[in-house]
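Chemist: Let me give you the structure first, and then I'll get to my questions.
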Amino acid sequence: MGTQIDRTAGIDLQYRPSSYFWAKESGIHLLSDIKGTQRRKIYERALAQGNTEQIDAMISEHALSSNERSSFGSIHPGFMGGEYLPSTQKQEVEIARIAIASTTGDVTCIYARSSGGRIHYRVVDEYDGNTLDGNPTRTSLKPLSLKELVDFFFRTWNLITCLDVNFEDHGHPREEVKGFITDASSSFYAEFGQLVDARVDEWLDSLPPRESDSDEEE
């Protein structure tokens, strides 16, 4: 039996940001304010090149109108990714998202807002909650630790089940499974994507070896 790899080694599981709302309160525009995956990428490239003023204002909007959304989606089905998420409420911010390589590039997010001295969280998808399993809401007195955030995300929207359904018949090839996750990001947790990646690796490590792998070892 091989040595078990500690996939989370080096990740600060207890990290928690001081606030989720500093940018919103200061009027600072974050990439995570843009719902659409492709629009976010376009804006990010423009930001890196220093020419955000030259792109269409529609690109940086939080949400598109129905007509704009249809027009954008007509370019390619993948351009619809993120566009059908619920819009954030007043003073609510997106704190983490996971996108997958489905036909329409489906996105699931966690939103947060402050009310009554507590932080209120909700997990949202692009299907009116139909892909969610657990309770999509919770509260806390202070921002969640990285571990608490990912635990809440996975309890509510089971990424592992999603990957299992898509790759069970193919033997769960590691690179293909992990490549199905096209984005796991957060404007508030620098290591969010790393922890999601580690959790997927831990699951893959727990699976029995594929027959082809077993044959190679004999």
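Labeling convention for the structure tokens: chains A, B, ... as they appear, residues from 1 per chain, ligands from 1 in order of appearance.
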Out of range 1-52 of chain A, which residues get helix (DSSP H, G or I) from DSSP, as a list in words?

Modeler: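 Those in range 1-52 of chain A that DSSP calls helix (DSSP H, G or I) are Trp22, Ala23, Lys24, Glu25, Ser26, Leu31, Ser32, Asp33, Thr37, Gln38, Arg39, Arg40, Lys41, Ile42, Tyr43, Glu44, Arg45, Ala46, Leu47, Ala48, Gln49 and Thr52 of chain A.
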
Chemist: Could you dump the residues just selected with C-alpha atoms as a compact mmCIF listing (two decimals), in the first residue's frame?

Modeler:
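What ended up in result_22.txt:
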# COMPACT_ATOMS: atom_id res chain seq x y z
CA TRP A 22 -14.27 46.59 1.47
CA ALA A 23 -14.35 46.88 -2.33
CA LYS A 24 -18.11 47.39 -2.51
CA GLU A 25 -17.98 49.98 0.26
CA SER A 26 -15.13 51.82 -1.50
CA LEU A 31 -13.67 40.96 -11.66
CA SER A 32 -16.03 38.96 -9.47
CA ASP A 33 -18.67 41.69 -9.98
CA THR A 37 -17.47 33.88 -17.48
CA GLN A 38 -16.48 35.01 -20.97
CA ARG A 39 -17.15 38.68 -20.25
CA ARG A 40 -15.01 38.37 -17.15
CA LYS A 41 -12.15 36.91 -19.22
CA ILE A 42 -12.45 39.69 -21.80
CA TYR A 43 -12.37 42.34 -19.08
CA GLU A 44 -9.44 40.64 -17.35
CA ARG A 45 -7.41 40.67 -20.59
CA ALA A 46 -8.27 44.32 -21.17
CA LEU A 47 -7.27 45.11 -17.59
CA ALA A 48 -3.90 43.39 -18.06
CA GLN A 49 -3.33 45.39 -21.26
CA THR A 52 -10.45 48.80 -20.29

Chemist: For Gly10 in chain A, list every protein, DNA or RNA residue within 12 Å, evaluated using only C-alpha atoms, and leave out those in the same chain fewer than 3 positions away; present the list as a list in words.

Modeler: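 In the requested form, the answer reads Asp6, Arg7, Leu13, Gln14, Tyr15, Glu191, Gln194, Leu195 and Ala198 of chain A.
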
Chemist: Go through range 74-203 of chain A and collect every residue that DSSP, computed from the backbone, puts in strand (DSSP E); the answer should be as a PyMOL selection string.

Modeler: chain A and resi 93-100+107-115+118-124+137-140+181-185

Chemist: Determine the nearest neighbour of Ser115 in chain A from the options A:Ala57, A:Leu141, A:Asn130, A:Ile98, counting only C-alpha atoms.

Modeler: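 Of A:Ala57, A:Leu141, A:Asn130, A:Ile98, the one nearest Ser115 in chain A is A:Leu141, counting only C-alpha atoms.
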
Chemist: Select, from A:Asn67, A:Asn135, A:Ser74, A:Ser102, the residue with the minimum atom-to-atom distance to Phe153 in chain A, counting only C-alpha atoms.

Modeler: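 With only C-alpha atoms as the atom set, the closest residue is A:Asn135.
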
Chemist: Identify, on the basis of only C-alpha atoms, every residue whose closest approach to Thr139 in chain A does not exceed 6 Å; exclude the query and any residue fewer than 2 positions from it along the same chain; express the result as a list in words.

Modeler: Ile119, His120 and Tyr121 of chain A

Chemist: When you count only C-alpha atoms, which of these residues is closest to Pro17 in chain A: A:Asn51, A:Ser145, A:Thr156, A:Thr104?

Modeler: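 Of A:Asn51, A:Ser145, A:Thr156, A:Thr104, the one nearest Pro17 in chain A is A:Ser145, counting only C-alpha atoms.
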
Chemist: Applying 9 Å and only C-alpha atoms, which residues near Ser18 in chain A remain after dropping the ones on its own chain fewer than 2 positions away? List them as a PyMOL selection string.

Modeler: chain A and resi 16+20+142-143

Chemist: With only C-alpha atoms as the basis for distance, which of A:Leu85, A:Val196, A:Leu204, A:Met80 is at the shortest distance from Asp128 in chain A?

Modeler: A:Leu85

Chemist: In terms of the shortest atom-to-atom distance over only C-alpha atoms, which of A:Ile28, A:Leu207, A:Val150, A:Leu144 is closest to Cys109 in chain A?

Modeler: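 With only C-alpha atoms as the atom set, the closest residue is A:Val150.
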
Chemist: Write out as a VMD selection string each polymer residue whose atoms come within 12 Å of Asp197 in chain A, counting only C-alpha atoms; drop sequence neighbours fewer than 2 positions from it.

Modeler: chain A and resid 7 to 8 11 98 150 159 to 160 174 to 175 177 to 185 191 to 195 199 to 204

Chemist: Store the residues of this selection in a file with C-alpha atoms, as a short mmCIF file (atom, residue, chain, number, x, y, z; two decimals), in the first residue's frame.

Modeler:
data_model
loop_
_atom_site.label_atom_id
_atom_site.label_comp_id
_atom_site.auth_asym_id
_atom_site.auth_seq_id
_atom_site.Cartn_x
_atom_site.Cartn_y
_atom_site.Cartn_z
CA ARG A 7 -2.95 17.04 -0.74
CA THR A 8 -3.67 20.08 1.46
CA ILE A 11 -2.59 25.43 2.08
CA ILE A 98 -16.68 27.09 -9.66
CA VAL A 150 -15.11 24.95 0.71
CA LEU A 159 -18.72 18.91 -7.20
CA ILE A 160 -17.45 15.39 -6.57
CA ARG A 174 -7.20 12.38 -13.50
CA GLU A 175 -6.23 15.03 -16.03
CA VAL A 177 -11.50 15.02 -14.52
CA LYS A 178 -9.55 18.01 -13.28
CA GLY A 179 -9.72 19.67 -16.69
CA PHE A 180 -13.52 19.61 -16.45
CA ILE A 181 -13.21 22.34 -13.80
CA THR A 182 -12.56 25.44 -15.89
CA ASP A 183 -12.54 27.92 -13.02
CA ALA A 184 -12.35 27.74 -9.23
CA SER A 185 -11.66 31.26 -8.05
CA GLU A 191 -5.92 29.57 -2.26
CA PHE A 192 -9.56 28.69 -2.98
CA GLY A 193 -8.71 27.08 -6.31
CA GLN A 194 -5.84 25.14 -4.76
CA LEU A 195 -8.07 23.68 -2.06
CA ARG A 199 -10.20 17.96 -2.61
CA VAL A 200 -10.65 16.54 -6.12
CA ASP A 201 -7.24 14.87 -5.91
CA GLU A 202 -8.13 13.36 -2.52
CA TRP A 203 -11.29 11.88 -4.03
CA LEU A 204 -9.41 10.49 -7.02
#
